[in-house]
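**Student:** Sharing model-v5.tsv (TSV, C-alpha atoms) below.
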chain	number	residue	atom	x	y	z
N	24	MET	CA	-3.06	-19.33	38.91
N	25	SER	CA	-1.71	-22.58	37.49
N	26	GLU	CA	1.56	-22.89	35.62
N	27	LEU	CA	2.90	-25.66	33.40
N	28	ARG	CA	6.65	-25.94	32.83
N	29	ALA	CA	7.84	-27.81	29.76
N	30	ASP	CA	10.59	-27.60	27.13
N	31	THR	CA	8.57	-29.10	24.30
N	32	ILE	CA	4.84	-29.29	23.66
N	33	THR	CA	3.35	-31.82	21.24
N	34	ALA	CA	-0.07	-33.33	20.78
N	35	SER	CA	-1.00	-36.41	22.80
N	36	ASP	CA	0.25	-38.75	20.04
N	37	GLY	CA	3.75	-37.48	20.73
N	38	THR	CA	4.44	-36.13	17.24
N	39	SER	CA	1.62	-33.92	15.95
N	40	PRO	CA	1.64	-30.16	16.58
N	41	VAL	CA	-0.27	-28.94	19.57
N	42	THR	CA	-3.31	-26.75	19.03
N	43	LEU	CA	-3.00	-23.20	20.34
N	44	THR	CA	-6.61	-22.28	20.92
N	45	LYS	CA	-7.46	-18.98	19.22
N	46	GLN	CA	-3.74	-18.33	18.68
N	47	SER	CA	-1.38	-18.75	15.75
N	48	ALA	CA	2.36	-18.27	15.87
N	49	ALA	CA	4.26	-16.72	12.97
N	50	LYS	CA	6.54	-19.26	11.34
N	51	THR	CA	8.94	-16.68	9.93
N	52	PHE	CA	9.79	-13.06	10.54
N	53	LEU	CA	12.75	-10.89	9.65
N	54	GLN	CA	14.11	-7.41	9.94
N	55	CYS	CA	16.81	-6.71	7.36
N	56	ASN	CA	18.96	-3.77	6.27
N	57	LEU	CA	18.87	-4.30	2.52
N	58	SER	CA	21.75	-1.94	1.81
N	59	GLY	CA	24.09	-4.73	2.99
N	60	PRO	CA	22.10	-6.82	3.14
N	61	THR	CA	22.31	-7.46	6.89
N	62	LEU	CA	19.81	-9.57	8.81
N	63	GLU	CA	19.22	-7.75	12.09
N	64	GLN	CA	16.69	-10.11	13.65
N	65	SER	CA	14.91	-13.14	12.28
N	66	LEU	CA	13.13	-16.41	12.88
N	67	ASN	CA	13.43	-19.32	10.46
N	68	ILE	CA	15.72	-17.50	8.03
N	69	ALA	CA	18.88	-19.35	6.97
N	70	SER	CA	20.30	-16.69	4.67
N	71	VAL	CA	19.55	-13.73	2.42
N	72	THR	CA	20.56	-13.52	-1.23
N	73	ASP	CA	21.08	-10.18	-3.00
N	74	VAL	CA	19.62	-11.12	-6.40
N	75	GLN	CA	19.76	-7.68	-7.96
N	76	SER	CA	19.23	-4.08	-6.92
N	77	GLY	CA	15.90	-3.94	-5.11
N	78	ARG	CA	15.34	-7.71	-5.13
N	79	HIS	CA	16.33	-10.08	-2.32
N	80	GLU	CA	15.61	-13.73	-1.64
N	81	PHE	CA	15.14	-14.85	1.97
N	82	ASN	CA	15.84	-18.55	2.36
N	83	PHE	CA	14.00	-20.49	5.06
N	84	SER	CA	15.70	-22.74	7.61
N	85	ASN	CA	12.60	-24.95	7.69
N	86	SER	CA	10.50	-25.22	4.54
N	87	PHE	CA	6.80	-24.50	4.38
N	88	ALA	CA	4.37	-27.28	3.51
N	89	GLN	CA	3.07	-25.39	0.47
N	90	ARG	CA	3.66	-22.03	-1.22
N	91	THR	CA	0.25	-20.67	-0.24
N	92	TYR	CA	1.52	-19.27	3.08
N	93	ALA	CA	0.60	-15.69	4.00
N	94	ALA	CA	3.49	-13.24	3.77
N	95	VAL	CA	3.33	-9.52	4.52
N	96	CYS	CA	6.15	-7.07	3.84
N	97	GLY	CA	7.03	-3.50	4.76
N	98	GLY	CA	9.94	-1.18	4.08
N	99	GLY	CA	11.25	2.24	4.99
N	100	GLY	CA	13.76	3.98	7.19
N	101	ASP	CA	15.44	6.34	4.74
N	102	THR	CA	15.31	9.93	3.63
N	103	LEU	CA	13.46	8.55	0.63
N	104	ASN	CA	10.60	8.00	3.02
N	105	ASN	CA	8.09	6.83	0.47
N	106	THR	CA	9.68	3.44	0.18
N	107	LEU	CA	7.47	0.54	-0.84
N	108	ALA	CA	8.19	-3.13	-0.24
N	109	ASN	CA	6.33	-6.07	-1.64
N	110	VAL	CA	6.55	-9.84	-1.66
N	111	ALA	CA	7.06	-11.18	-5.18
N	112	THR	CA	4.22	-13.65	-5.22
N	113	ALA	CA	4.76	-15.30	-8.60
N	114	THR	CA	6.76	-18.52	-8.80
N	115	PRO	CA	9.75	-18.73	-8.40
N	116	GLY	CA	9.65	-15.63	-6.17
N	117	LYS	CA	7.56	-17.36	-3.54
N	118	THR	CA	8.29	-21.04	-2.95
N	119	THR	CA	8.23	-23.42	0.00
N	120	SER	CA	11.92	-22.77	0.65
N	121	LYS	CA	12.26	-19.03	0.05
N	122	VAL	CA	10.40	-15.76	-0.34
N	123	THR	CA	11.44	-12.86	-2.56
N	124	GLY	CA	11.09	-9.21	-1.57
N	125	ASP	CA	11.03	-6.35	-4.05
N	126	THR	CA	11.64	-2.77	-2.90
N	127	GLN	CA	11.26	0.54	-4.63
N	128	TYR	CA	10.36	4.15	-4.01
N	129	GLN	CA	7.93	6.41	-5.81
N	130	GLN	CA	7.02	5.03	-9.21
N	131	ASN	CA	8.98	1.83	-9.84
N	132	LEU	CA	12.35	3.35	-8.92
N	133	VAL	CA	14.48	0.50	-7.60
N	134	PHE	CA	15.82	1.10	-4.11
N	135	GLU	CA	17.27	-0.85	-1.17
N	136	PRO	CA	15.97	0.58	2.12
N	137	THR	CA	17.66	0.19	5.49
N	138	GLU	CA	14.47	-1.19	6.98
N	139	CYS	CA	12.67	-4.17	5.47
N	140	ALA	CA	10.41	-6.46	7.45
N	141	ILE	CA	8.54	-9.62	6.49
N	142	ALA	CA	6.21	-11.79	8.59
N	143	ILE	CA	4.80	-15.12	7.44
N	144	HIS	CA	2.01	-17.31	8.77
N	145	GLY	CA	1.20	-20.77	7.43
N	146	ASP	CA	2.08	-24.44	7.83
N	147	LEU	CA	5.65	-25.67	8.02
N	148	ALA	CA	6.52	-28.96	6.32
Q	22	MET	CA	-8.21	-35.48	22.23
Q	23	SER	CA	-6.49	-34.46	25.43
Q	24	GLU	CA	-6.53	-30.92	26.75
Q	25	ILE	CA	-4.51	-29.15	29.42
Q	26	LYS	CA	-6.02	-26.03	30.92
Q	27	VAL	CA	-3.41	-23.75	32.38
Q	28	ASP	CA	-2.88	-20.01	32.84
Q	29	ASN	CA	0.87	-19.80	32.23
Q	30	LEU	CA	3.32	-21.71	30.04
Q	31	THR	CA	6.98	-21.41	31.04
Q	32	GLY	CA	10.01	-23.16	29.62
Q	33	LYS	CA	11.48	-25.68	32.05
Q	34	THR	CA	15.13	-25.36	30.99
Q	35	SER	CA	14.88	-21.78	29.78
Q	36	ALA	CA	11.84	-19.83	30.94
Q	37	GLY	CA	11.47	-17.98	27.64
Q	38	ASP	CA	11.82	-20.93	25.27
Q	39	ILE	CA	9.24	-23.63	24.59
Q	40	THR	CA	9.65	-25.78	21.47
Q	41	VAL	CA	6.67	-26.78	19.34
Q	42	THR	CA	6.52	-29.27	16.46
Q	43	SER	CA	5.68	-28.11	12.93
Q	44	GLU	CA	2.40	-29.03	11.24
Q	45	GLY	CA	4.17	-31.50	8.97
Q	46	GLY	CA	6.29	-32.90	11.77
Q	47	ALA	CA	9.57	-32.21	9.96
Q	48	ALA	CA	10.76	-29.31	12.07
Q	49	THR	CA	10.59	-27.75	15.51
Q	50	GLN	CA	10.41	-24.08	16.34
Q	51	SER	CA	10.33	-21.79	19.35
Q	52	LEU	CA	6.77	-20.97	20.37
Q	53	GLN	CA	7.69	-17.63	21.93
Q	54	GLN	CA	9.64	-16.47	18.87
Q	55	GLY	CA	6.66	-16.95	16.60
Q	56	LEU	CA	4.14	-15.03	18.66
Q	57	ALA	CA	3.36	-11.46	17.66
Q	58	LYS	CA	4.50	-9.24	20.52
Q	59	CYS	CA	2.30	-6.34	19.47
Q	60	TRP	CA	-0.56	-5.80	17.03
Q	61	VAL	CA	-3.03	-3.00	16.57
Q	62	ASN	CA	-5.88	-1.99	14.29
Q	63	PHE	CA	-6.76	1.70	14.55
Q	64	ASN	CA	-8.69	4.45	12.82
Q	65	GLY	CA	-6.15	7.03	11.68
Q	66	THR	CA	-8.65	9.68	10.63
Q	67	GLY	CA	-10.03	12.51	12.78
Q	68	THR	CA	-9.49	11.69	16.41
Q	69	ILE	CA	-7.49	8.52	16.03
Q	70	ALA	CA	-8.83	5.53	17.93
Q	71	ILE	CA	-7.75	1.96	18.60
Q	72	ARG	CA	-10.24	-0.68	17.45
Q	73	ASP	CA	-8.37	-3.64	18.93
Q	74	SER	CA	-4.82	-4.27	20.05
Q	75	LEU	CA	-2.27	-6.30	21.97
Q	76	SER	CA	0.45	-4.63	24.07
Q	77	VAL	CA	-0.32	-1.09	22.93
Q	78	SER	CA	-0.29	1.62	25.59
Q	79	GLY	CA	-1.32	4.44	23.29
Q	80	LEU	CA	-1.22	6.14	19.91
Q	81	VAL	CA	0.15	9.55	18.92
Q	82	ASP	CA	-1.14	11.46	15.88
Q	83	ASN	CA	2.09	13.26	14.86
Q	84	ASN	CA	1.05	14.71	11.54
Q	85	THR	CA	-0.97	13.87	8.46
Q	86	GLY	CA	-0.53	10.14	7.88
Q	87	ASN	CA	2.13	9.84	10.57
Q	88	TYR	CA	1.52	8.00	13.82
Q	89	THR	CA	3.46	6.61	16.76
Q	90	VAL	CA	2.41	3.32	18.36
Q	91	ASN	CA	3.60	3.06	21.97
Q	92	TYR	CA	4.19	-0.41	23.41
Q	93	SER	CA	2.95	-1.59	26.79
Q	94	ASN	CA	5.84	-4.05	27.02
Q	95	SER	CA	9.24	-2.89	25.72
Q	96	MET	CA	11.06	-4.81	23.02
Q	97	GLY	CA	14.51	-6.24	23.78
Q	98	ASN	CA	16.17	-4.09	21.11
Q	99	ASP	CA	15.27	-1.91	18.12
Q	100	ASP	CA	15.95	-4.61	15.50
Q	101	TYR	CA	12.49	-6.13	15.73
Q	102	SER	CA	10.36	-6.83	12.65
Q	103	SER	CA	7.33	-4.57	12.10
Q	104	THR	CA	4.96	-4.74	9.16
Q	105	VAL	CA	2.32	-2.11	8.48
Q	106	SER	CA	-0.72	-2.01	6.26
Q	107	ALA	CA	-3.04	0.89	5.59
Q	108	ASN	CA	-6.34	1.02	3.80
Q	109	ALA	CA	-7.70	4.23	2.30
Q	110	SER	CA	-11.42	4.84	2.32
Q	111	SER	CA	-11.22	7.66	-0.21
Q	112	GLY	CA	-10.83	5.46	-3.26
Q	113	LEU	CA	-7.10	6.04	-3.55
Q	114	PHE	CA	-5.02	2.99	-2.92
Q	115	GLY	CA	-3.27	2.94	0.41
Q	116	THR	CA	0.47	2.60	0.59
Q	117	LEU	CA	2.34	1.46	3.61
Q	118	GLN	CA	5.61	2.00	5.35
Q	119	SER	CA	7.56	1.54	8.53
Q	120	GLU	CA	10.06	4.34	9.10
Q	121	ALA	CA	13.44	4.20	10.77
Q	122	SER	CA	12.19	5.59	14.05
Q	123	MET	CA	11.79	2.20	15.71
Q	124	THR	CA	12.70	2.19	19.41
Q	125	THR	CA	12.25	-0.42	22.09
Q	126	THR	CA	9.15	1.40	23.35
Q	127	ALA	CA	7.49	2.68	20.17
Q	128	THR	CA	7.26	2.45	16.38
Q	129	ASN	CA	6.63	5.41	14.11
Q	130	ILE	CA	4.71	4.69	10.91
Q	131	SER	CA	3.62	6.70	7.88
Q	132	CYS	CA	0.79	6.19	5.42
Q	133	TYR	CA	0.56	7.46	1.86
Q	134	ASN	CA	-2.01	7.91	-0.87
Q	135	GLY	CA	-1.77	6.96	-4.51
Q	136	SER	CA	0.16	10.12	-5.31
Q	137	ILE	CA	2.81	9.24	-2.68
Q	138	GLY	CA	1.58	12.03	-0.43
Q	139	THR	CA	1.03	11.48	3.26
Q	140	ALA	CA	-2.60	10.83	4.11
Q	141	ASP	CA	-4.69	9.74	7.06
Q	142	HIS	CA	-6.18	6.27	6.64
Q	143	ALA	CA	-9.32	4.78	8.13
Q	144	VAL	CA	-7.73	1.39	8.75
Q	145	VAL	CA	-4.11	1.13	9.87
Q	146	CYS	CA	-2.67	-2.14	11.12
Q	147	LEU	CA	0.75	-2.86	12.67
Q	148	HIS	CA	2.26	-6.25	13.57
Q	149	THR	CA	5.52	-6.51	15.51
Q	150	HIS	CA	7.55	-9.69	15.94
Q	151	GLY	CA	10.84	-10.04	17.81
Q	152	ASP	CA	12.18	-10.36	21.33
Q	153	LEU	CA	10.54	-8.67	24.29
Q	154	ALA	CA	12.81	-7.17	26.94
Show me this structure written as structure tokens.
**Tutor:**
Amino acid sequence: MSELRADTITASDGTSPVTLTKQSAAKTFLQCNLSGPTLEQSLNIASVTDVQSGRHEFNFSNSFAQRTYAAVCGGGGDTLNNTLANVATATPGKTTSKVTGDTQYQQNLVFEPTECAIAIHGDLA
Amino acid sequence: MSEIKVDNLTGKTSAGDITVTSEGGAATQSLQQGLAKCWVNFNGTGTIAIRDSLSVSGLVDNNTGNYTVNYSNSMGNDDYSSTVSANASSGLFGTLQSEASMTTTATNISCYNGSIGTADHAVVCLHTHGDLA
């Protein structure tokens, strides 16, 4: 078995991103307790903004190249165990510098669950 | 185009940290942090069955629409980020959820139908990002 040790990997031109054959790394993920809100674990998240009950903005540390990145969202973790969480896809909810999450339970009842997770794939700027 | 063929990549300074450059060249990011540490696509109806997966040691059918995904490699803590999607084949729209019962070795998930009742789903997918132990 061969092993390569390196701190940084770039393409042969020294600046372009390296190709991960048949692999793609997520550029952002987060796990957040929205009742605070409190970020419990994250990648590429600078801060979270409590916009209003059931709506939070997650601000990126590094911006995406365009707003067409793929974001998936999930919520739960409470006695109200039919919690739904969605990414607000309309501008300005989803931009290159932030993504907005909306949470509710049952039929459009605003709610802030203790578990909210988002993962994003796409190109960074 | 140059190509290095290798079986393992390990950080030189820190074994678990290799930095990669963004597509636009404006940022750098940890390669390990961005990789999904677990993913699974399974059939949640009848005798549940994994279609394809990474780092999943097994599934448990707890109750209608409720499943436990057991990890082959433990997570470093229970604050990892899991997202779930479920697709209903019955014509009702599938709802999705990750419940609080997230441990370092397993994640419990529930699936719902359009009436917010628990229901088994033909396609259930889970992605988990975060730190491995």
**Student:** In the coordinates of the file, take the point (20.0, -13.7, 7.0) and a cut-off of 9 Å; then, counting only C-alpha atoms, name each qualifying protein, DNA or RNA residue as a ChimeraX atom specification.
**Tutor:** /N:53,55,60-65,68-72,81-82
**Student:** Limited to C-alpha atoms, could you put the picked residues into a file as a short mmCIF file (atom, residue, chain, number, x, y, z; two decimals), in the coordinates of the input?
**Tutor:**
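Contents of the output file again-v9.cif:
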data_model
loop_
_atom_site.label_atom_id
_atom_site.label_comp_id
_atom_site.auth_asym_id
_atom_site.auth_seq_id
_atom_site.Cartn_x
_atom_site.Cartn_y
_atom_site.Cartn_z
CA LEU N 53 12.75 -10.89 9.65
CA CYS N 55 16.81 -6.71 7.36
CA PRO N 60 22.10 -6.82 3.14
CA THR N 61 22.31 -7.46 6.89
CA LEU N 62 19.81 -9.57 8.81
CA GLU N 63 19.22 -7.75 12.09
CA GLN N 64 16.69 -10.11 13.65
CA SER N 65 14.91 -13.14 12.28
CA ILE N 68 15.72 -17.50 8.03
CA ALA N 69 18.88 -19.35 6.97
CA SER N 70 20.30 -16.69 4.67
CA VAL N 71 19.55 -13.73 2.42
CA THR N 72 20.56 -13.52 -1.23
CA PHE N 81 15.14 -14.85 1.97
CA ASN N 82 15.84 -18.55 2.36
#
**Student:** If we count only C-alpha atoms, which residues of chain N reach to within 9 Å of chain Q? Please list them as JSON, numbers by chain.
**Tutor:** {"N": [24, 25, 26, 27, 28, 29, 30, 31, 32, 33, 34, 35, 38, 39, 40, 41, 46, 47, 48, 49, 50, 51, 52, 53, 54, 55, 63, 64, 65, 66, 67, 85, 86, 87, 88, 95, 96, 97, 98, 99, 100, 101, 104, 105, 106, 107, 108, 129, 130, 137, 138, 139, 140, 141, 142, 146, 147, 148]}
**Student:** Provide the CA of Tyr88 in chain Q to CA of Gly77 in chain N distance in Å, to one decimal place.
**Tutor:** 26.6 Å
**Student:** Taking into account only C-alpha atoms, which residue in the set Q:Thr128, Q:Ser74, Q:Asn64, Q:Asn134 is nearest to Val90 in chain Q?
**Tutor:**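 Closest to Val90 in chain Q, using only C-alpha atoms: Q:Thr128.
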**Student:** Give the answer as one residue: which of N:Ala94, N:Gly145, N:Asp125, N:Thr44 has the shortest atom-to-atom distance to His79 in chain N, using only C-alpha atoms?
**Tutor:**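 Among the listed residues, N:Asp125 lies closest to His79 in chain N.
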